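Participant: Pasting protein-v3.pdb here (PDB, C-alpha atoms and all ligand atoms):
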```pdb
ATOM      1  CA  MET A   1     120.902  82.711 147.855
ATOM      2  CA  LYS A   2     121.260  85.811 145.697
ATOM      3  CA  LYS A   3     121.937  83.624 142.652
ATOM      4  CA  LYS A   4     118.695  81.738 143.275
ATOM      5  CA  VAL A   5     116.705  84.966 143.321
ATOM      6  CA  ILE A   6     118.255  86.091 140.026
ATOM      7  CA  LEU A   7     117.568  82.675 138.478
ATOM      8  CA  LYS A   8     113.949  82.768 139.686
ATOM      9  CA  THR A   9     113.513  86.260 138.227
ATOM     10  CA  ILE A  10     114.948  85.189 134.864
ATOM     11  CA  ILE A  11     112.700  82.110 134.730
ATOM     12  CA  SER A  12     109.662  84.239 135.646
ATOM     13  CA  ILE A  13     110.459  86.755 132.891
ATOM     14  CA  ILE A  14     110.874  83.980 130.314
ATOM     15  CA  LEU A  15     107.564  82.415 131.395
ATOM     16  CA  ILE A  16     105.773  85.766 131.146
ATOM     17  CA  ILE A  17     107.197  86.367 127.644
ATOM     18  CA  LEU A  18     106.108  82.887 126.543
ATOM     19  CA  LEU A  19     102.658  83.356 128.023
ATOM     20  CA  VAL A  20     102.158  86.749 126.360
ATOM     21  CA  GLY A  21     103.341  85.222 123.075
ATOM     22  CA  ILE A  22     100.941  82.289 123.268
ATOM     23  CA  VAL A  23      98.013  84.506 124.273
ATOM     24  CA  SER A  24      98.681  87.012 121.462
ATOM     25  CA  ILE A  25      98.991  84.247 118.837
ATOM     26  CA  GLY A  26      95.756  82.769 120.138
ATOM     27  CA  TYR A  27      94.140  86.197 120.061
ATOM     28  CA  ASP A  28      95.232  86.767 116.480
ATOM     29  CA  LYS A  29      93.899  83.389 115.386
ATOM     30  CA  ALA A  30      90.667  83.984 117.208
ATOM     31  CA  THR A  31      90.124  87.321 115.544
ATOM     32  CA  ILE A  32      91.365  86.495 112.059
ATOM     33  CA  ASN A  33      87.808  86.346 110.697
ATOM     34  CA  ASN A  34      86.547  89.214 112.741
ATOM     35  CA  GLN A  35      86.268  92.746 111.594
ATOM     36  CA  TYR A  36      87.810  95.890 112.942
ATOM     37  CA  ASN A  37      86.801  99.523 113.166
ATOM     38  CA  ILE A  38      89.283 102.197 112.146
ATOM     39  CA  SER A  39      90.229 102.938 115.765
ATOM     40  CA  ASP A  40      90.792  99.264 116.671
ATOM     41  CA  ARG A  41      94.128  98.558 115.061
ATOM     42  CA  ASN A  42      96.413  99.699 112.282
ATOM     43  CA  LEU A  43      95.395  97.528 109.337
ATOM     44  CA  GLU A  44      97.407  97.290 106.142
ATOM     45  CA  ILE A  45      95.125  97.914 103.171
ATOM     46  CA  PRO A  46      96.812  97.334  99.806
ATOM     47  CA  ILE A  47      95.219  98.798  96.692
ATOM     48  CA  PHE A  48      96.434  96.771  93.744
ATOM     49  CA  LEU A  49      96.893  98.394  90.359
ATOM     50  CA  TYR A  50      96.663  96.477  87.098
ATOM     51  CA  HIS A  51      96.743  97.771  83.534
ATOM     52  CA  HIS A  52      96.257  95.111  80.862
ATOM     53  CA  ILE A  53      95.026  91.585  81.554
ATOM     54  CA  VAL A  54      96.283  89.667  78.522
ATOM     55  CA  ASP A  55      95.713  86.201  77.068
ATOM     56  CA  ASN A  56      99.231  84.856  77.372
ATOM     57  CA  GLU A  57     102.898  85.485  78.205
ATOM     58  CA  SER A  58     103.793  86.483  74.643
ATOM     59  CA  GLN A  59     101.737  89.668  75.115
ATOM     60  CA  ILE A  60     103.771  90.847  78.116
ATOM     61  CA  GLU A  61     105.830  93.884  77.126
ATOM     62  CA  TYR A  62     106.462  95.547  80.489
ATOM     63  CA  ASP A  63     106.024  93.748  83.798
ATOM     64  CA  TYR A  64     103.990  96.625  85.276
ATOM     65  CA  MET A  65     101.723  96.976  82.234
ATOM     66  CA  GLN A  66     100.579  93.434  81.420
ATOM     67  CA  THR A  67      99.490  90.492  83.554
ATOM     68  CA  THR A  68      98.197  87.264  82.017
ATOM     69  CA  LYS A  69      94.642  86.234  82.889
ATOM     70  CA  ASP A  70      95.972  82.971  84.389
ATOM     71  CA  THR A  71      98.349  84.837  86.709
ATOM     72  CA  PHE A  72      95.585  87.286  87.583
ATOM     73  CA  GLU A  73      93.194  84.479  88.531
ATOM     74  CA  LYS A  74      95.919  82.738  90.578
ATOM     75  CA  GLN A  75      96.603  85.971  92.463
ATOM     76  CA  ILE A  76      92.891  86.444  93.234
ATOM     77  CA  ILE A  77      92.381  82.875  94.426
ATOM     78  CA  GLY A  78      95.679  82.873  96.342
ATOM     79  CA  LEU A  79      94.903  86.091  98.177
ATOM     80  CA  GLU A  80      91.410  84.877  99.068
ATOM     81  CA  ASN A  81      92.841  81.572 100.299
ATOM     82  CA  SER A  82      95.254  83.431 102.543
ATOM     83  CA  GLY A  83      92.411  85.334 104.161
ATOM     84  CA  TYR A  84      92.099  88.468 102.022
ATOM     85  CA  HIS A  85      88.710  90.059 101.437
ATOM     86  CA  PHE A  86      88.300  92.334  98.454
ATOM     87  CA  ILE A  87      86.468  95.527  99.292
ATOM     88  CA  SER A  88      85.185  98.518  97.324
ATOM     89  CA  TYR A  89      86.090 102.189  97.684
ATOM     90  CA  ASP A  90      82.644 102.646  99.200
ATOM     91  CA  ASP A  91      83.629 100.178 101.966
ATOM     92  CA  LEU A  92      86.892 102.081 102.482
ATOM     93  CA  ILE A  93      85.145 105.469 102.753
ATOM     94  CA  GLN A  94      82.610 104.105 105.235
ATOM     95  CA  TYR A  95      85.422 102.505 107.240
ATOM     96  CA  LYS A  96      87.286 105.843 107.327
ATOM     97  CA  GLU A  97      84.099 107.560 108.531
ATOM     98  CA  GLY A  98      83.684 104.957 111.270
ATOM     99  CA  LYS A  99      80.462 103.595 109.732
ATOM    100  CA  LYS A 100      81.816 100.192 108.746
ATOM    101  CA  SER A 101      84.315  97.655 110.012
ATOM    102  CA  LEU A 102      86.783  95.799 107.817
ATOM    103  CA  TYR A 103      88.352  92.370 107.863
ATOM    104  CA  LYS A 104      91.920  92.268 109.124
ATOM    105  CA  LYS A 105      93.083  91.488 105.619
ATOM    106  CA  SER A 106      91.287  93.762 103.160
ATOM    107  CA  ALA A 107      92.409  94.802  99.695
ATOM    108  CA  ILE A 108      91.120  96.789  96.712
ATOM    109  CA  LEU A 109      91.512  95.893  93.031
ATOM    110  CA  THR A 110      91.919  98.630  90.436
ATOM    111  CA  PHE A 111      92.553  98.733  86.696
ATOM    112  CA  ASP A 112      93.976 101.807  84.969
ATOM    113  CA  ASP A 113      93.332 103.135  81.458
ATOM    114  CA  GLY A 114      90.135 101.211  80.596
ATOM    115  CA  ALA A 115      91.726  98.750  78.172
ATOM    116  CA  GLU A 116      89.323  96.454  76.380
ATOM    117  CA  ASP A 117      91.338  93.409  77.523
ATOM    118  CA  THR A 118      90.400  94.142  81.145
ATOM    119  CA  TYR A 119      86.749  93.902  80.100
ATOM    120  CA  LYS A 120      87.382  90.758  78.064
ATOM    121  CA  ASN A 121      89.766  88.959  80.433
ATOM    122  CA  ALA A 122      89.491  90.364  83.965
ATOM    123  CA  PHE A 123      85.759  91.090  84.184
ATOM    124  CA  PRO A 124      84.647  87.431  83.707
ATOM    125  CA  ILE A 125      87.048  86.318  86.469
ATOM    126  CA  LEU A 126      85.834  89.073  88.805
ATOM    127  CA  LYS A 127      82.220  88.031  88.178
ATOM    128  CA  LYS A 128      83.115  84.368  88.723
ATOM    129  CA  TYR A 129      84.489  85.106  92.218
ATOM    130  CA  ASP A 130      82.058  87.933  92.971
ATOM    131  CA  ILE A 131      84.792  90.499  93.590
ATOM    132  CA  PRO A 132      84.298  94.292  93.673
ATOM    133  CA  PHE A 133      86.727  96.368  91.620
ATOM    134  CA  THR A 134      87.256  99.799  90.079
ATOM    135  CA  MET A 135      88.232 100.742  86.537
ATOM    136  CA  PHE A 136      89.861 104.124  85.912
ATOM    137  CA  ILE A 137      89.058 105.162  82.365
ATOM    138  CA  ILE A 138      90.477 107.815  80.053
ATOM    139  CA  THR A 139      87.180 109.357  79.031
ATOM    140  CA  ASP A 140      88.156 110.671  75.567
ATOM    141  CA  TYR A 141      89.563 107.268  74.606
ATOM    142  CA  VAL A 142      86.468 105.203  75.429
ATOM    143  CA  GLY A 143      85.368 103.242  72.364
ATOM    144  CA  SER A 144      88.534 103.919  70.374
ATOM    145  CA  ASP A 145      91.188 101.458  69.308
ATOM    146  CA  THR A 146      91.985  99.014  72.136
ATOM    147  CA  TYR A 147      89.799 100.694  74.749
ATOM    148  CA  MET A 148      86.514  99.639  76.306
ATOM    149  CA  THR A 149      83.300 101.024  74.830
ATOM    150  CA  TRP A 150      80.631 102.876  76.826
ATOM    151  CA  ASP A 151      78.360  99.827  76.441
ATOM    152  CA  GLU A 152      81.047  97.698  78.077
ATOM    153  CA  ALA A 153      81.583 100.298  80.797
ATOM    154  CA  ARG A 154      77.823 100.260  81.398
ATOM    155  CA  ASP A 155      77.910  96.470  81.603
ATOM    156  CA  VAL A 156      80.670  96.706  84.252
ATOM    157  CA  GLN A 157      78.672  99.257  86.254
ATOM    158  CA  ASN A 158      75.419  97.292  85.961
ATOM    159  CA  SER A 159      77.114  94.140  87.291
ATOM    160  CA  GLY A 160      77.026  95.797  90.709
ATOM    161  CA  LEU A 161      80.677  94.830  91.189
ATOM    162  CA  GLY A 162      82.489  97.383  89.075
ATOM    163  CA  LEU A 163      82.851 101.095  89.638
ATOM    164  CA  ILE A 164      83.869 103.259  86.690
ATOM    165  CA  ALA A 165      86.021 106.227  87.709
ATOM    166  CA  SER A 166      88.234 108.869  86.108
ATOM    167  CA  HIS A 167      91.805 108.656  84.885
ATOM    168  CA  SER A 168      91.561 112.061  83.122
ATOM    169  CA  GLN A 169      90.297 113.080  79.671
ATOM    170  CA  LYS A 170      93.349 112.210  77.544
ATOM    171  CA  HIS A 171      95.899 110.773  79.988
ATOM    172  CA  GLU A 172      97.605 114.140  80.352
ATOM    173  CA  ASP A 173     100.725 114.703  82.442
ATOM    174  CA  PHE A 174      99.163 116.595  85.355
ATOM    175  CA  SER A 175     102.515 117.931  86.578
ATOM    176  CA  LYS A 176     102.386 120.198  83.495
ATOM    177  CA  LEU A 177      98.857 121.480  84.211
ATOM    178  CA  SER A 178      97.859 124.402  86.403
ATOM    179  CA  VAL A 179      95.533 123.748  89.328
ATOM    180  CA  GLU A 180      92.660 125.261  87.300
ATOM    181  CA  GLN A 181      93.427 123.087  84.272
ATOM    182  CA  ALA A 182      93.627 120.006  86.493
ATOM    183  CA  ILE A 183      90.203 120.692  88.019
ATOM    184  CA  GLU A 184      88.682 121.429  84.611
ATOM    185  CA  ASN A 185      90.086 118.182  83.210
ATOM    186  CA  VAL A 186      88.733 115.997  86.006
ATOM    187  CA  ASN A 187      85.365 117.796  86.059
ATOM    188  CA  ASN A 188      85.050 117.368  82.275
ATOM    189  CA  SER A 189      85.955 113.681  82.516
ATOM    190  CA  TYR A 190      83.270 113.165  85.153
ATOM    191  CA  ASN A 191      80.716 115.085  83.083
ATOM    192  CA  THR A 192      81.397 112.592  80.270
ATOM    193  CA  ILE A 193      81.118 109.623  82.648
ATOM    194  CA  GLU A 194      77.793 110.889  84.018
ATOM    195  CA  GLU A 195      76.433 111.650  80.519
ATOM    196  CA  ASN A 196      77.067 108.025  79.604
ATOM    197  CA  LEU A 197      76.577 106.147  82.866
ATOM    198  CA  GLY A 198      74.317 108.368  84.946
ATOM    199  CA  GLU A 199      74.967 110.049  88.270
ATOM    200  CA  GLN A 200      77.986 108.781  90.206
ATOM    201  CA  LYS A 201      77.731 108.627  93.996
ATOM    202  CA  ILE A 202      81.467 108.140  94.509
ATOM    203  CA  LYS A 203      83.926 110.102  92.404
ATOM    204  CA  ILE A 204      87.530 108.962  92.323
ATOM    205  CA  PHE A 205      90.408 110.334  90.321
ATOM    206  CA  THR A 206      93.729 108.676  89.525
ATOM    207  CA  TYR A 207      96.639 110.764  88.210
ATOM    208  CA  PRO A 208      97.971 109.576  84.818
ATOM    209  CA  TYR A 209     101.582 108.338  85.209
ATOM    210  CA  GLY A 210     101.121 108.997  88.936
ATOM    211  CA  LEU A 211     102.289 112.598  88.278
ATOM    212  CA  TYR A 212     100.753 115.760  89.697
ATOM    213  CA  GLY A 213     101.449 119.406  90.396
ATOM    214  CA  GLU A 214     101.496 121.396  93.607
ATOM    215  CA  GLY A 215      98.122 122.182  95.107
ATOM    216  CA  GLN A 216      96.181 119.897  92.748
ATOM    217  CA  SER A 217      95.238 117.281  95.342
ATOM    218  CA  ASP A 218      93.958 119.929  97.781
ATOM    219  CA  ALA A 219      91.893 121.540  95.022
ATOM    220  CA  LEU A 220      90.504 118.205  93.818
ATOM    221  CA  GLU A 221      89.649 117.236  97.396
ATOM    222  CA  LYS A 222      87.592 120.447  97.661
ATOM    223  CA  GLU A 223      85.776 119.418  94.463
ATOM    224  CA  GLY A 224      84.807 116.190  96.245
ATOM    225  CA  TYR A 225      87.127 113.691  94.584
ATOM    226  CA  ILE A 226      88.827 110.749  96.259
ATOM    227  CA  ILE A 227      92.400 110.702  94.956
ATOM    228  CA  ASN A 228      94.704 107.807  94.111
ATOM    229  CA  LEU A 229      98.454 107.885  93.815
ATOM    230  CA  THR A 230     100.665 105.321  92.101
ATOM    231  CA  ASP A 231     103.607 104.985  94.452
ATOM    232  CA  ASN A 232     103.942 101.299  95.314
ATOM    233  CA  LYS A 233     103.176 101.953  98.991
ATOM    234  CA  ILE A 234     100.667 100.245 101.281
ATOM    235  CA  ASN A 235      97.884 102.148 103.078
ATOM    236  CA  LYS A 236      97.868 101.970 106.862
ATOM    237  CA  SER A 237      94.381 102.404 108.215
ATOM    238  CA  LYS A 238      95.311 104.812 111.000
ATOM    239  CA  GLU A 239      96.956 107.114 108.450
ATOM    240  CA  LEU A 240      94.331 106.571 105.777
ATOM    241  CA  ASN A 241      94.202 109.652 103.566
ATOM    242  CA  LEU A 242      91.381 109.422 101.022
ATOM    243  CA  TYR A 243      93.034 112.237  99.047
ATOM    244  CA  GLY A 244      96.354 110.463  98.639
ATOM    245  CA  LEU A 245      95.641 106.736  98.572
ATOM    246  CA  HIS A 246      98.670 104.572  97.884
ATOM    247  CA  ARG A 247      98.547 101.889  95.216
ATOM    248  CA  CYS A 248     100.983  99.122  94.366
ATOM    249  CA  TYR A 249     101.673  96.874  91.381
ATOM    250  CA  PRO A 250     100.980  93.143  91.748
ATOM    251  CA  LEU A 251     102.954  92.538  88.489
ATOM    252  CA  SER A 252     103.079  88.803  87.787
ATOM    253  CA  ASP A 253     104.204  88.013  91.309
ATOM    254  CA  SER A 254     103.308  84.844  93.152
ATOM    255  CA  VAL A 255     100.930  85.329  96.075
ATOM    256  CA  PHE A 256     103.818  84.573  98.444
ATOM    257  CA  LYS A 257     105.866  87.398  96.901
ATOM    258  CA  MET A 258     102.863  89.752  96.959
ATOM    259  CA  LYS A 259     102.433  89.126 100.681
ATOM    260  CA  LEU A 260     106.158  89.591 101.340
ATOM    261  CA  LYS A 261     106.083  92.919  99.492
ATOM    262  CA  ILE A 262     103.038  94.095 101.496
ATOM    263  CA  THR A 263     104.865  93.360 104.735
ATOM    264  CA  TYR A 264     108.143  94.883 103.525
ATOM    265  CA  ARG A 265     106.502  98.069 102.237
ATOM    266  CA  SER A 266     104.424  98.451 105.377
ATOM    267  CA  ILE A 267     107.587  98.426 107.477
ATOM    268  CA  ARG A 268     109.755 100.350 105.005
ATOM    269  CA  TYR A 269     107.466 103.356 104.417
TER     270      TYR A 269
HETATM  271 ZN    ZN A 301      97.346 105.354  83.050
END
```
Go ahead and render the structure in this file as structure tokens.
Facilitator:
Amino acid sequence: MKKKVILKTIISIILIILLVGIVSIGYDKATINNQYNISDRNLEIPIFLYHHIVDNESQIEYDYMQTTKDTFEKQIIGLENSGYHFISYDDLIQYKEGKKSLYKKSAILTFDDGAEDTYKNAFPILKKYDIPFTMFIITDYVGSDTYMTWDEARDVQNSGLGLIASHSQKHEDFSKLSVEQAIENVNNSYNTIEENLGEQKIKIFTYPYGLYGEGQSDALEKEGYIINLTDNKINKSKELNLYGLHRCYPLSDSVFKMKLKITYRSIRY
């Protein structure tokens, strides 16, 4: 008799677990195309960081610095096919402020340094798929050597897809600057951007080399800048800090590997 009761209890527990499992899978499928507010659930929001988008494999020097345009396009299409929606920083800010909801799978695309090859190779692909993105430029380098010109930066901005933001004046190592020097540098870089591209509604700064000194982020936050880090971590929406946004490298990874890394880093950090 007692054994029967235990058996019944075990079977009931197993049935409940199965039922909860089926319902939650169904729920997830049902809501996969729906959008969520910041308080709804803890979304993972990767911000991908690219540098150069090059013509072919022979131009790859460092895996974190160069990605071929073919790989880049495959990553974009692959992520979209697996349900990702590319959003802008404006979307992210509004989401943080509770003014906008986001898809369960949302991601941001960024390009550091303002290399001319990103204009030549990435920009046409981004226009083709109608994807928002942000380019962090080194303001004193614009128009020199292998860097984008102001006309090209203007073209990016006028497309309505691209935001031009600051990656300092001369790609200085900010860990060697005082707080005052850091603020002056970023303010000067934005003065140059606004002289060339007009008033900027959203101002974002990305530390060169991902390096910074004590107190700089707090001071830059007070100046009104959104701040990016380069730390290979994934943003979690419930801990979203607009003054310390994590960014990760997509390298030349397959979409499968990119997704694995997002999951791993979300659990790991
Ligand atoms: Zn850089």
Participant: Which residue out of A:Phe174, A:Tyr209, A:Phe72, A:Phe48 has the minimum interatomic distance to ligand ZN 301 (chain A) when only C-alpha atoms and all ligand atoms are used?
Facilitator: A:Tyr209
Participant: Within 9 Å of Tyr64 (chain A), counting only C-alpha atoms, which residues show up once you throw out same-chain ones fewer than 4 positions away? Write them as a ChimeraX atom specification, please.
Facilitator: /A:49-51,249-252
Participant: Output the residue selection produced by the PyMOL selection byres (((not hetatm)) within 6 of (chain A and resi 301)) on the file above, formatted as a list in words.
Facilitator: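 Written out, the selection comes to Asp112, Asp113, Pro208 and Tyr209 of chain A.
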Participant: Given the PyMOL selection byres (((chain A and resi 234) around 8) and not hetatm) and the file above, list the residues it selects as a list in words.
Facilitator: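 On the file shown, the PyMOL selection byres (((chain A and resi 234) around 8) and not hetatm) covers Glu44, Ile45, Pro46, Ile47, Asn232, Lys233, Asn235, Lys236, His246, Arg247, Cys248, Ile262, Arg265 and Ser266 of chain A.
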Participant: Selected by the PyMOL selection byres (((chain A and resi 136) around 12) and not hetatm) in the shown coordinates: which residues, as an NGL selection string?
Facilitator: :A and (49-51 or 109-115 or 118 or 133-135 or 137-139 or 141-142 or 147-148 or 153 or 156 or 162-169 or 171 or 186 or 189-190 or 193 or 203-208 or 227-228)
Participant: List as a list in words the protein and nucleic acid residues near Asp130 (chain A), meaning an atom at most 10 Å away when only C-alpha atoms are counted, but skip any in the same chain fewer than 4 places from it.
Facilitator: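 Listed by chain and then number, they are Phe86, Pro124, Ile125, Leu126, Ser159, Gly160 and Leu161 of chain A.
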Participant: What is the distance, in Å and to one decimal place, between CA of Glu223 (chain A) and CA of Glu194 (chain A)?
Facilitator: 15.7 Å
Participant: Closest to Ser254 (chain A) among A:Thr71, A:Thr192, A:Thr9, A:Gln59, using all atoms listed in the file?
Facilitator: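 Smallest distance to Ser254 (chain A) is found for A:Thr71.
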Participant: For Glu73 (chain A), which residue out of A:Ser39, A:Asn121, A:Thr149, A:Asn188 is the nearest one, using all atoms listed in the file?
Facilitator: A:Asn121
Participant: So how far away is CA of Gly210 (chain A) from CA of Lys69 (chain A), in Å?
Facilitator: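 Value for the CA of Lys69 (chain A)-CA of Gly210 (chain A) distance: 24.4 Å.
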Participant: Would you mind listing what lies within 10 Å of Ser237 (chain A) as an mmCIF file with C-alpha atoms, in the coordinates of the input, with all atoms listed in the file counted and same-chain residues fewer than 5 positions away left out?
Facilitator:
```
data_model
loop_
_atom_site.group_PDB
_atom_site.id
_atom_site.type_symbol
_atom_site.label_atom_id
_atom_site.label_comp_id
_atom_site.auth_asym_id
_atom_site.auth_seq_id
_atom_site.Cartn_x
_atom_site.Cartn_y
_atom_site.Cartn_z
ATOM 1 C CA ASN A 37 86.801 99.523 113.166
ATOM 2 C CA ILE A 38 89.283 102.197 112.146
ATOM 3 C CA SER A 39 90.229 102.938 115.765
ATOM 4 C CA ASP A 40 90.792 99.264 116.671
ATOM 5 C CA ARG A 41 94.128 98.558 115.061
ATOM 6 C CA ASN A 42 96.413 99.699 112.282
ATOM 7 C CA LEU A 43 95.395 97.528 109.337
ATOM 8 C CA GLU A 44 97.407 97.290 106.142
ATOM 9 C CA ILE A 45 95.125 97.914 103.171
ATOM 10 C CA LEU A 92 86.892 102.081 102.482
ATOM 11 C CA TYR A 95 85.422 102.505 107.240
ATOM 12 C CA LYS A 96 87.286 105.843 107.327
#
```
Participant: For CA of Ile267 (chain A) and CA of Leu102 (chain A), determine how far apart the two atoms are, in Å to one decimal place.
Facilitator: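 Between CA of Ile267 (chain A) and CA of Leu102 (chain A) the gap is 21.0 Å.
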Participant: Using all atoms listed in the file, list the residues that have an atom at most 6 Å from (78.1, 104.6, 77.2), coordinates as in the file, as a PyMOL selection string.
Facilitator: chain A and resi 150-151+196
Participant: Determine, counting all atoms listed in the file, which protein, DNA and RNA residues have an atom within 9 Å of an atom of Glu221 (chain A); residues of the same chain fewer than 5 positions away are not included. Present the result as an mmCIF file with C-alpha atoms, in the coordinates of the input.
Facilitator:
```
data_model
loop_
_atom_site.group_PDB
_atom_site.id
_atom_site.type_symbol
_atom_site.label_atom_id
_atom_site.label_comp_id
_atom_site.auth_asym_id
_atom_site.auth_seq_id
_atom_site.Cartn_x
_atom_site.Cartn_y
_atom_site.Cartn_z
ATOM 1 C CA GLN A 216 96.181 119.897 92.748
ATOM 2 C CA ILE A 226 88.827 110.749 96.259
ATOM 3 C CA ILE A 227 92.400 110.702 94.956
ATOM 4 C CA LEU A 242 91.381 109.422 101.022
ATOM 5 C CA TYR A 243 93.034 112.237 99.047
#
```
Participant: Just region 232-248 of chain A from the block, N, CA and C atoms, as a PDB file, in the first residue's frame, could you?
Facilitator:
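What ended up in part29.pdb:
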```
ATOM      1  N   ASN A 232      34.493  41.544 -24.434  1.00  0.00           N
ATOM      2  CA  ASN A 232      34.021  40.221 -24.871  1.00  0.00           C
ATOM      3  C   ASN A 232      32.892  39.651 -24.008  1.00  0.00           C
ATOM      4  N   LYS A 233      32.171  40.506 -23.308  1.00  0.00           N
ATOM      5  CA  LYS A 233      31.035  40.030 -22.508  1.00  0.00           C
ATOM      6  C   LYS A 233      29.723  40.355 -23.213  1.00  0.00           C
ATOM      7  N   ILE A 234      28.647  39.763 -22.722  1.00  0.00           N
ATOM      8  CA  ILE A 234      27.318  39.957 -23.306  1.00  0.00           C
ATOM      9  C   ILE A 234      26.463  40.773 -22.334  1.00  0.00           C
ATOM     10  N   ASN A 235      25.758  41.768 -22.829  1.00  0.00           N
ATOM     11  CA  ASN A 235      24.868  42.564 -21.965  1.00  0.00           C
ATOM     12  C   ASN A 235      23.645  41.748 -21.584  1.00  0.00           C
ATOM     13  N   LYS A 236      23.271  41.858 -20.313  1.00  0.00           N
ATOM     14  CA  LYS A 236      22.012  41.279 -19.835  1.00  0.00           C
ATOM     15  C   LYS A 236      21.087  42.454 -19.560  1.00  0.00           C
ATOM     16  N   SER A 237      19.869  42.369 -20.097  1.00  0.00           N
ATOM     17  CA  SER A 237      19.028  43.564 -20.063  1.00  0.00           C
ATOM     18  C   SER A 237      18.711  44.064 -18.655  1.00  0.00           C
ATOM     19  N   LYS A 238      18.591  43.135 -17.702  1.00  0.00           N
ATOM     20  CA  LYS A 238      18.248  43.605 -16.349  1.00  0.00           C
ATOM     21  C   LYS A 238      19.426  44.256 -15.644  1.00  0.00           C
ATOM     22  N   GLU A 239      20.630  44.080 -16.203  1.00  0.00           N
ATOM     23  CA  GLU A 239      21.809  44.745 -15.620  1.00  0.00           C
ATOM     24  C   GLU A 239      22.373  45.761 -16.613  1.00  0.00           C
ATOM     25  N   LEU A 240      21.553  46.185 -17.533  1.00  0.00           N
ATOM     26  CA  LEU A 240      22.031  47.054 -18.611  1.00  0.00           C
ATOM     27  C   LEU A 240      22.568  48.381 -18.065  1.00  0.00           C
ATOM     28  N   ASN A 241      23.862  48.590 -18.261  1.00  0.00           N
ATOM     29  CA  ASN A 241      24.497  49.827 -17.816  1.00  0.00           C
ATOM     30  C   ASN A 241      24.964  50.594 -19.057  1.00  0.00           C
ATOM     31  N   LEU A 242      24.285  51.677 -19.361  1.00  0.00           N
ATOM     32  CA  LEU A 242      24.599  52.436 -20.585  1.00  0.00           C
ATOM     33  C   LEU A 242      25.961  53.115 -20.502  1.00  0.00           C
ATOM     34  N   TYR A 243      26.584  53.078 -19.320  1.00  0.00           N
ATOM     35  CA  TYR A 243      27.891  53.721 -19.150  1.00  0.00           C
ATOM     36  C   TYR A 243      29.012  52.683 -18.988  1.00  0.00           C
ATOM     37  N   GLY A 244      28.687  51.466 -19.373  1.00  0.00           N
ATOM     38  CA  GLY A 244      29.679  50.391 -19.362  1.00  0.00           C
ATOM     39  C   GLY A 244      29.152  49.231 -20.187  1.00  0.00           C
ATOM     40  N   LEU A 245      28.784  49.528 -21.433  1.00  0.00           N
ATOM     41  CA  LEU A 245      28.194  48.499 -22.298  1.00  0.00           C
ATOM     42  C   LEU A 245      29.266  47.512 -22.759  1.00  0.00           C
ATOM     43  N   HIS A 246      28.955  46.245 -22.641  1.00  0.00           N
ATOM     44  CA  HIS A 246      29.897  45.206 -23.064  1.00  0.00           C
ATOM     45  C   HIS A 246      29.832  45.013 -24.577  1.00  0.00           C
ATOM     46  N   ARG A 247      30.990  44.727 -25.158  1.00  0.00           N
ATOM     47  CA  ARG A 247      30.999  44.388 -26.593  1.00  0.00           C
ATOM     48  C   ARG A 247      31.862  43.156 -26.815  1.00  0.00           C
ATOM     49  N   CYS A 248      31.528  42.405 -27.836  1.00  0.00           N
ATOM     50  CA  CYS A 248      32.284  41.169 -28.108  1.00  0.00           C
ATOM     51  C   CYS A 248      32.666  41.083 -29.588  1.00  0.00           C
TER      52      CYS A 248
END
```
